[in-house]
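Novice: Just dropping this structure here.
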Amino acid sequence: MPAIYMSCFKSIHLNYSYMSRLRGFALLLILCLAFGSCIEFEREKLTYVHDEEKDELRVTLTYEGIFGNLDRGEYSQKNRDDVATHESLNQLQIDQLESVLSEKRAFFFSNWIAEYSQFSAEKLLGKIIKGNKHGKFGEPEKILIKLLLQNTEVQNIGFYKNKRGRLCGAQTVKISNISQILPSANEVIQRQIFAHIPQLRDELVKKVPNAWSAKTIDLIEGKLQEEFKFIKLKGNLITFSTIMAEAEQKELNESYIKNLPSGARVEFREEGFDILFGSEKEKFSELSKFCFDGYQPNALNYIEEKHSKLILTSKKVSTKLNEFLNNPK
């Protein structure tokens, strides 16, 4: 379930210790690829429907205000002379934009630094898991990789201009056999977190800043003796559950809550908290988030020059997205 999971895990900002690990576990599920944030967008909207009859999750992604930033950092250009301007992209940005068109990559909130790409997913995920000395790589992980690769389909719909004349883009993501993927994903997350418990205890002894408390570690170890459902899907309600002692829950600050996409909410429990998207009965669920300001027309200029046939009317894009959500082929 790459799209929805990414919207959750990329939006959570608890303390460093908790999230540095949770991001690692999320990689097992969402096949995250990180690179410099060269292409960005002002806002993203994600709409999804859980089609129980077809056993699939259908997601539409729209990116408003796509542009190449003017950052001259080490990871934002190929070399010192590879400079982006208000009117034109640099070569690294062009390469990234072209890869979106050829490899059908899907991106999830904040900026284009996290993605699902079938082209690189299997190799990347295997490398991440095997390179983590605290994690596990075995049959459950192989099964999850296979399920995601076989059942996730990304389609580029095209580009369009919004009312302000800014470049926008749209994609669809379909995840089939969701009832098989979900248990597999939960099993892998549980395996990976459990494998990290010795590391958590070691960091506590060494007084690593923001290490988990003994109470939370004991709670995690106890809960994971039995099956724990980190991700649940009921109707159109998606729930992400965490295990955390009440004292550490109180460390959640207001900025974390505000950083969640609109359409998400948090519910606290005695032994953890849940992040919820959508509701069980609603037909479609929607998440949206402002990502970056600083729009430039450089990406629009490039697409108009090199890929003008991919620019559609906003009405046509809207029709295609609605058809996908309501009446998929």
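Letters for chains follow the order of the structure tokens (A, B, ...), residue numbers begin at 1 for each chain, and ligand numbers begin at 1 in the order shown.
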Could you pull the residues within 10 Å of range 232-243 of chain A, counting only C-alpha atoms, minus those fewer than 5 positions along the same chain, as a PyMOL selection string?

Specialist: chain A and resi 4-5+8-9+22+48-52+57+178-179+182-183+186+216-217+219-221+223-224+249+264-285

Novice: Name the residues in contact with Ser314 in chain A at a cut-off of 10 Å, using only C-alpha atoms, excluding same-chain residues fewer than 2 positions from it; report them as a list in words.

Specialist: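 Residues meeting the cut-off are Gly158, Phe159, Tyr160, Lys161, Asn162, Lys163, Cys168, Gly169, Ala170, Ile311, Leu312, Lys316, Val317, Ser318, Thr319 and Lys320 of chain A.
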
Novice: Would you put the residues from that selection into a file with N, CA and C atoms, as a JSON list (two decimals), in the first residue's frame?

Specialist:
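Written output follows (result-v4.json):
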```json
[["chain", "number", "residue", "atom", "x", "y", "z"],
["A", 158, "GLY", "N", -1.21, 12.65, -16.81],
["A", 158, "GLY", "CA", -0.74, 13.76, -17.63],
["A", 158, "GLY", "C", -0.56, 15.02, -16.80],
["A", 159, "PHE", "N", -0.17, 16.08, -17.49],
["A", 159, "PHE", "CA", -0.01, 17.39, -16.86],
["A", 159, "PHE", "C", -1.19, 18.28, -17.22],
["A", 160, "TYR", "N", -1.39, 19.33, -16.42],
["A", 160, "TYR", "CA", -2.41, 20.34, -16.72],
["A", 160, "TYR", "C", -2.03, 21.62, -16.00],
["A", 161, "LYS", "N", -2.71, 22.70, -16.34],
["A", 161, "LYS", "CA", -2.49, 23.98, -15.67],
["A", 161, "LYS", "C", -3.68, 24.29, -14.77],
["A", 162, "ASN", "N", -3.39, 24.77, -13.57],
["A", 162, "ASN", "CA", -4.49, 25.16, -12.69],
["A", 162, "ASN", "C", -4.97, 26.56, -13.03],
["A", 163, "LYS", "N", -5.87, 27.10, -12.23],
["A", 163, "LYS", "CA", -6.46, 28.41, -12.52],
["A", 163, "LYS", "C", -5.42, 29.53, -12.49],
["A", 168, "CYS", "N", 0.69, 21.42, -13.12],
["A", 168, "CYS", "CA", 0.20, 20.40, -12.20],
["A", 168, "CYS", "C", 0.30, 19.05, -12.90],
["A", 169, "GLY", "N", 0.24, 17.97, -12.13],
["A", 169, "GLY", "CA", 0.30, 16.64, -12.70],
["A", 169, "GLY", "C", -0.61, 15.70, -11.94],
["A", 170, "ALA", "N", -0.95, 14.57, -12.57],
["A", 170, "ALA", "CA", -1.85, 13.61, -11.94],
["A", 170, "ALA", "C", -1.42, 12.18, -12.25],
["A", 311, "ILE", "N", 0.22, 17.62, -21.98],
["A", 311, "ILE", "CA", -0.55, 18.64, -21.26],
["A", 311, "ILE", "C", -2.02, 18.55, -21.69],
["A", 312, "LEU", "N", -2.87, 18.24, -20.71],
["A", 312, "LEU", "CA", -4.30, 18.09, -20.94],
["A", 312, "LEU", "C", -5.05, 19.25, -20.30],
["A", 316, "LYS", "N", -10.34, 17.39, -18.39],
["A", 316, "LYS", "CA", -10.07, 16.05, -18.87],
["A", 316, "LYS", "C", -9.36, 15.22, -17.82],
["A", 317, "VAL", "N", -8.42, 15.82, -17.11],
["A", 317, "VAL", "CA", -7.71, 15.12, -16.04],
["A", 317, "VAL", "C", -8.68, 14.74, -14.94],
["A", 318, "SER", "N", -9.54, 15.68, -14.55],
["A", 318, "SER", "CA", -10.52, 15.41, -13.51],
["A", 318, "SER", "C", -11.45, 14.27, -13.90],
["A", 319, "THR", "N", -11.87, 14.24, -15.17],
["A", 319, "THR", "CA", -12.73, 13.17, -15.65],
["A", 319, "THR", "C", -12.04, 11.82, -15.56],
["A", 320, "LYS", "N", -10.78, 11.77, -15.97],
["A", 320, "LYS", "CA", -10.02, 10.52, -15.94],
["A", 320, "LYS", "C", -9.84, 10.01, -14.50]]
```

Novice: Within 12 Å of Leu61 in chain A, counting only C-alpha atoms, which residues qualify if same-chain residues fewer than 6 places away don't, as JSON, numbers by chain?

Specialist: {"A": [3, 4, 7, 43, 44, 45, 46, 47, 48, 105, 106, 107, 108, 109, 154, 155, 156, 157, 158, 159, 168, 169, 170, 171, 172, 173, 174, 286, 287, 288, 289, 317, 318, 320, 321, 322, 324, 325]}

Novice: Could those selected residues go to a file with N, CA and C atoms, as a short mmCIF file (atom, residue, chain, number, x, y, z; two decimals), in the first residue's frame?

Specialist:
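File produced: part-v9.cif:
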```cif
data_model
loop_
_atom_site.label_atom_id
_atom_site.label_comp_id
_atom_site.auth_asym_id
_atom_site.auth_seq_id
_atom_site.Cartn_x
_atom_site.Cartn_y
_atom_site.Cartn_z
N ALA A 3 1.08 4.24 -1.42
CA ALA A 3 0.62 5.62 -1.38
C ALA A 3 0.14 6.02 -0.01
N ILE A 4 -0.77 5.29 0.56
CA ILE A 4 -1.32 5.66 1.84
C ILE A 4 -0.28 5.56 2.93
N SER A 7 2.03 8.58 2.94
CA SER A 7 1.42 9.79 3.46
C SER A 7 1.44 9.79 4.97
N ARG A 43 1.49 21.78 -3.49
CA ARG A 43 0.47 21.04 -2.74
C ARG A 43 0.20 19.70 -3.40
N GLU A 44 -0.10 18.70 -2.57
CA GLU A 44 -0.52 17.41 -3.11
C GLU A 44 -1.87 17.02 -2.52
N LYS A 45 -2.70 16.43 -3.35
CA LYS A 45 -3.97 15.88 -2.90
C LYS A 45 -4.01 14.41 -3.25
N LEU A 46 -4.39 13.60 -2.28
CA LEU A 46 -4.47 12.16 -2.45
C LEU A 46 -5.90 11.72 -2.12
N THR A 47 -6.54 11.04 -3.05
CA THR A 47 -7.89 10.53 -2.84
C THR A 47 -7.87 9.02 -3.03
N TYR A 48 -8.55 8.29 -2.15
CA TYR A 48 -8.52 6.85 -2.27
C TYR A 48 -9.88 6.23 -1.99
N ARG A 105 6.92 6.75 -11.58
CA ARG A 105 7.15 6.87 -10.15
C ARG A 105 6.01 7.64 -9.51
N ALA A 106 5.62 7.25 -8.32
CA ALA A 106 4.58 7.96 -7.57
C ALA A 106 5.20 8.57 -6.33
N PHE A 107 4.79 9.80 -5.99
CA PHE A 107 5.41 10.57 -4.91
C PHE A 107 4.37 10.95 -3.87
N PHE A 108 4.82 11.08 -2.62
CA PHE A 108 3.87 11.21 -1.53
C PHE A 108 4.25 12.32 -0.55
N PHE A 109 3.63 13.48 -0.74
CA PHE A 109 3.72 14.61 0.17
C PHE A 109 5.15 15.15 0.33
N VAL A 154 1.13 1.78 -11.23
CA VAL A 154 1.15 3.25 -11.29
C VAL A 154 0.94 3.70 -12.73
N GLN A 155 0.04 4.65 -12.94
CA GLN A 155 -0.20 5.19 -14.27
C GLN A 155 -0.10 6.72 -14.24
N ASN A 156 0.64 7.27 -15.21
CA ASN A 156 0.68 8.72 -15.37
C ASN A 156 -0.53 9.16 -16.18
N ILE A 157 -1.30 10.10 -15.65
CA ILE A 157 -2.46 10.62 -16.37
C ILE A 157 -2.06 11.77 -17.29
N GLY A 158 -1.21 12.65 -16.81
CA GLY A 158 -0.74 13.76 -17.63
C GLY A 158 -0.56 15.02 -16.80
N PHE A 159 -0.17 16.08 -17.49
CA PHE A 159 -0.01 17.39 -16.86
C PHE A 159 -1.19 18.28 -17.22
N CYS A 168 0.69 21.42 -13.12
CA CYS A 168 0.20 20.40 -12.20
C CYS A 168 0.30 19.05 -12.90
N GLY A 169 0.24 17.97 -12.13
CA GLY A 169 0.30 16.64 -12.70
C GLY A 169 -0.61 15.70 -11.94
N ALA A 170 -0.95 14.57 -12.57
CA ALA A 170 -1.85 13.61 -11.94
C ALA A 170 -1.42 12.18 -12.25
N GLN A 171 -1.62 11.30 -11.28
CA GLN A 171 -1.32 9.89 -11.43
C GLN A 171 -2.40 9.06 -10.75
N THR A 172 -2.44 7.78 -11.08
CA THR A 172 -3.28 6.84 -10.36
C THR A 172 -2.41 5.69 -9.87
N VAL A 173 -2.78 5.13 -8.72
CA VAL A 173 -2.10 3.97 -8.17
C VAL A 173 -3.17 2.95 -7.80
N LYS A 174 -3.03 1.73 -8.28
CA LYS A 174 -3.96 0.66 -7.92
C LYS A 174 -3.20 -0.46 -7.23
N GLU A 286 -10.04 11.63 1.37
CA GLU A 286 -9.11 12.58 0.77
C GLU A 286 -8.13 13.11 1.80
N LEU A 287 -6.88 13.21 1.40
CA LEU A 287 -5.81 13.82 2.19
C LEU A 287 -5.17 14.90 1.34
N SER A 288 -4.78 15.98 1.97
CA SER A 288 -4.07 17.02 1.22
C SER A 288 -3.06 17.70 2.13
N LYS A 289 -2.04 18.26 1.53
CA LYS A 289 -1.00 18.89 2.32
C LYS A 289 -0.26 19.94 1.50
N VAL A 317 -8.42 15.82 -17.11
CA VAL A 317 -7.71 15.12 -16.04
C VAL A 317 -8.68 14.74 -14.94
N SER A 318 -9.54 15.68 -14.55
CA SER A 318 -10.52 15.41 -13.51
C SER A 318 -11.45 14.27 -13.90
N LYS A 320 -10.78 11.77 -15.97
CA LYS A 320 -10.02 10.52 -15.94
C LYS A 320 -9.84 10.01 -14.50
N LEU A 321 -9.58 10.92 -13.57
CA LEU A 321 -9.40 10.52 -12.17
C LEU A 321 -10.70 10.01 -11.57
N ASN A 322 -11.79 10.68 -11.88
CA ASN A 322 -13.09 10.24 -11.37
C ASN A 322 -13.48 8.88 -11.94
N PHE A 324 -11.44 6.56 -12.84
CA PHE A 324 -10.59 5.57 -12.19
C PHE A 324 -11.14 5.20 -10.82
N LEU A 325 -11.56 6.18 -10.05
CA LEU A 325 -12.07 5.92 -8.71
C LEU A 325 -13.41 5.19 -8.74
#
```

Novice: Which residues, written as JSON, numbers by chain, have at least one atom at most 6 Å from Gly68 in chain A, with only C-alpha atoms counted and residues fewer than 6 positions away on the same chain left out?

Specialist: {"A": [38, 39, 89]}

Novice: To one decimal place in Å, what is the distance between CA of Gln225 in chain A and CA of Val205 in chain A?

Specialist: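 According to the coordinates, CA of Gln225 in chain A and CA of Val205 in chain A are separated by 22.9 Å.
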
Novice: Please give the complete set of residues from range 63-268 of chain A that DSSP, run on the backbone, assigns to strand (DSSP E or B), formatted as an NGL selection string.

Specialist: :A and (63-68 or 106-107 or 115-116 or 152-161 or 167-176 or 231-234 or 237-241 or 262 or 264-268)

Novice: Kindly export the residues of the current selection with N, CA and C atoms, as a CSV table (one decimal), in the first residue's frame.

Specialist:
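Output below, filename part.csv:
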```
chain,number,residue,atom,x,y,z
A,63,TYR,N,-0.6,16.7,-8.1
A,63,TYR,CA,0.5,17.6,-7.6
A,63,TYR,C,0.3,19.0,-8.2
A,64,GLU,N,0.1,19.9,-7.4
A,64,GLU,CA,-0.2,21.3,-7.9
A,64,GLU,C,1.0,22.2,-7.7
A,65,GLY,N,1.4,22.9,-8.8
A,65,GLY,CA,2.5,23.8,-8.7
A,65,GLY,C,3.8,23.1,-8.7
A,66,ILE,N,4.1,22.3,-9.8
A,66,ILE,CA,5.3,21.6,-9.9
A,66,ILE,C,6.4,22.5,-10.4
A,67,PHE,N,7.6,22.5,-9.7
A,67,PHE,CA,8.7,23.4,-10.1
A,67,PHE,C,10.0,22.8,-9.7
A,68,GLY,N,11.1,23.3,-10.3
A,68,GLY,CA,12.4,23.0,-10.0
A,68,GLY,C,12.9,24.0,-9.0
A,106,ALA,N,5.6,7.2,-8.3
A,106,ALA,CA,4.6,8.0,-7.6
A,106,ALA,C,5.2,8.6,-6.3
A,107,PHE,N,4.8,9.8,-6.0
A,107,PHE,CA,5.4,10.6,-4.9
A,107,PHE,C,4.4,10.9,-3.9
A,115,GLU,N,9.4,7.9,-2.9
A,115,GLU,CA,8.6,7.5,-4.1
A,115,GLU,C,8.4,6.0,-4.0
A,116,TYR,N,7.5,5.5,-4.8
A,116,TYR,CA,7.3,4.1,-5.2
A,116,TYR,C,7.7,4.0,-6.7
A,152,THR,N,1.0,-3.8,-7.5
A,152,THR,CA,0.9,-2.3,-7.5
A,152,THR,C,1.1,-1.8,-8.9
A,153,GLU,N,0.2,-1.0,-9.4
A,153,GLU,CA,0.2,-0.4,-10.7
A,153,GLU,C,0.1,1.1,-10.7
A,154,VAL,N,1.1,1.8,-11.2
A,154,VAL,CA,1.2,3.2,-11.3
A,154,VAL,C,0.9,3.7,-12.7
A,155,GLN,N,0.0,4.6,-12.9
A,155,GLN,CA,-0.2,5.2,-14.3
A,155,GLN,C,-0.1,6.7,-14.2
A,156,ASN,N,0.6,7.3,-15.2
A,156,ASN,CA,0.7,8.7,-15.4
A,156,ASN,C,-0.5,9.2,-16.2
A,157,ILE,N,-1.3,10.1,-15.6
A,157,ILE,CA,-2.5,10.6,-16.4
A,157,ILE,C,-2.1,11.8,-17.3
A,158,GLY,N,-1.2,12.6,-16.8
A,158,GLY,CA,-0.7,13.8,-17.6
A,158,GLY,C,-0.6,15.0,-16.8
A,159,PHE,N,-0.2,16.1,-17.5
A,159,PHE,CA,0.0,17.4,-16.9
A,159,PHE,C,-1.2,18.3,-17.2
A,160,TYR,N,-1.4,19.3,-16.4
A,160,TYR,CA,-2.4,20.3,-16.7
A,160,TYR,C,-2.0,21.6,-16.0
A,161,LYS,N,-2.7,22.7,-16.3
A,161,LYS,CA,-2.5,24.0,-15.7
A,161,LYS,C,-3.7,24.3,-14.8
A,167,LEU,N,2.0,24.7,-13.4
A,167,LEU,CA,2.0,23.3,-13.9
A,167,LEU,C,1.6,22.3,-12.7
A,168,CYS,N,0.7,21.4,-13.1
A,168,CYS,CA,0.2,20.4,-12.2
A,168,CYS,C,0.3,19.0,-12.9
A,169,GLY,N,0.2,18.0,-12.1
A,169,GLY,CA,0.3,16.6,-12.7
A,169,GLY,C,-0.6,15.7,-11.9
A,170,ALA,N,-1.0,14.6,-12.6
A,170,ALA,CA,-1.9,13.6,-11.9
A,170,ALA,C,-1.4,12.2,-12.3
A,171,GLN,N,-1.6,11.3,-11.3
A,171,GLN,CA,-1.3,9.9,-11.4
A,171,GLN,C,-2.4,9.1,-10.7
A,172,THR,N,-2.4,7.8,-11.1
A,172,THR,CA,-3.3,6.8,-10.4
A,172,THR,C,-2.4,5.7,-9.9
A,173,VAL,N,-2.8,5.1,-8.7
A,173,VAL,CA,-2.1,4.0,-8.2
A,173,VAL,C,-3.2,2.9,-7.8
A,174,LYS,N,-3.0,1.7,-8.3
A,174,LYS,CA,-4.0,0.7,-7.9
A,174,LYS,C,-3.2,-0.5,-7.2
A,175,ILE,N,-3.6,-0.8,-6.0
A,175,ILE,CA,-3.0,-1.9,-5.3
A,175,ILE,C,-4.1,-3.0,-5.2
A,176,SER,N,-3.8,-4.1,-5.9
A,176,SER,CA,-4.7,-5.3,-5.9
A,176,SER,C,-4.4,-6.2,-4.8
A,231,ILE,N,-1.2,-2.0,10.9
A,231,ILE,CA,-2.1,-1.3,9.9
A,231,ILE,C,-3.4,-2.1,9.7
A,232,LYS,N,-4.5,-1.4,9.8
A,232,LYS,CA,-5.8,-2.0,9.7
A,232,LYS,C,-6.6,-1.2,8.6
A,233,LEU,N,-7.4,-2.0,7.9
A,233,LEU,CA,-8.2,-1.4,6.9
A,233,LEU,C,-9.6,-1.9,7.0
A,234,LYS,N,-10.6,-1.0,7.3
A,234,LYS,CA,-12.0,-1.4,7.4
A,234,LYS,C,-12.8,-0.4,6.7
A,237,LEU,N,-11.7,3.2,6.1
A,237,LEU,CA,-10.9,3.7,7.3
A,237,LEU,C,-9.6,3.0,7.4
A,238,ILE,N,-8.5,3.7,7.3
A,238,ILE,CA,-7.2,3.2,7.5
A,238,ILE,C,-6.6,3.6,8.8
A,239,THR,N,-6.1,2.7,9.6
A,239,THR,CA,-5.6,3.0,10.9
A,239,THR,C,-4.2,2.5,11.0
A,240,PHE,N,-3.3,3.3,11.5
A,240,PHE,CA,-1.9,3.0,11.8
A,240,PHE,C,-1.7,3.0,13.3
A,241,SER,N,-1.4,1.9,13.9
A,241,SER,CA,-1.3,1.8,15.3
A,241,SER,C,0.2,1.8,15.8
A,262,SER,N,-4.1,17.2,6.0
A,262,SER,CA,-5.5,17.4,6.4
A,262,SER,C,-6.3,16.1,6.0
A,264,ALA,N,-6.3,13.6,8.2
A,264,ALA,CA,-5.7,12.7,9.2
A,264,ALA,C,-6.1,13.1,10.6
A,265,ARG,N,-6.1,12.2,11.5
A,265,ARG,CA,-6.4,12.6,12.9
A,265,ARG,C,-5.7,11.6,13.8
A,266,VAL,N,-5.5,11.9,15.1
A,266,VAL,CA,-4.8,11.1,16.0
A,266,VAL,C,-5.7,10.8,17.2
A,267,GLU,N,-5.7,9.5,17.6
A,267,GLU,CA,-6.4,9.1,18.8
A,267,GLU,C,-5.4,8.4,19.7
A,268,PHE,N,-5.4,8.8,21.0
A,268,PHE,CA,-4.5,8.3,22.0
A,268,PHE,C,-5.1,7.1,22.7
```

Novice: Can you pull out every residue from range 58-279 of chain A that DSSP, working from the backbone, puts in alpha helix (DSSP H), and format the result as an MDAnalysis selection string?

Specialist: chainID A and resid 91:103 118:130 139:151 178:195 197:205 214:223 246:249 254:259

Novice: Using only C-alpha atoms, can you tell me which of A:Lys78, A:Leu260, A:Ile145, A:Phe290 comes closest to Asp95 in chain A?

Specialist: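 Ranking A:Lys78, A:Leu260, A:Ile145, A:Phe290 by distance to Asp95 in chain A, first place goes to A:Lys78.
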
Novice: Quick one: distance from CA of Phe137 in chain A to CA of Ile189 in chain A in Å, one decimal?

Specialist: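 Distance between the two atoms: 11.6 Å.
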
Novice: Pick out the closest residue to Glu98 in chain A from this set: A:Lys315, A:Arg201, A:His307, A:Lys229. Count only C-alpha atoms.

Specialist: A:His307
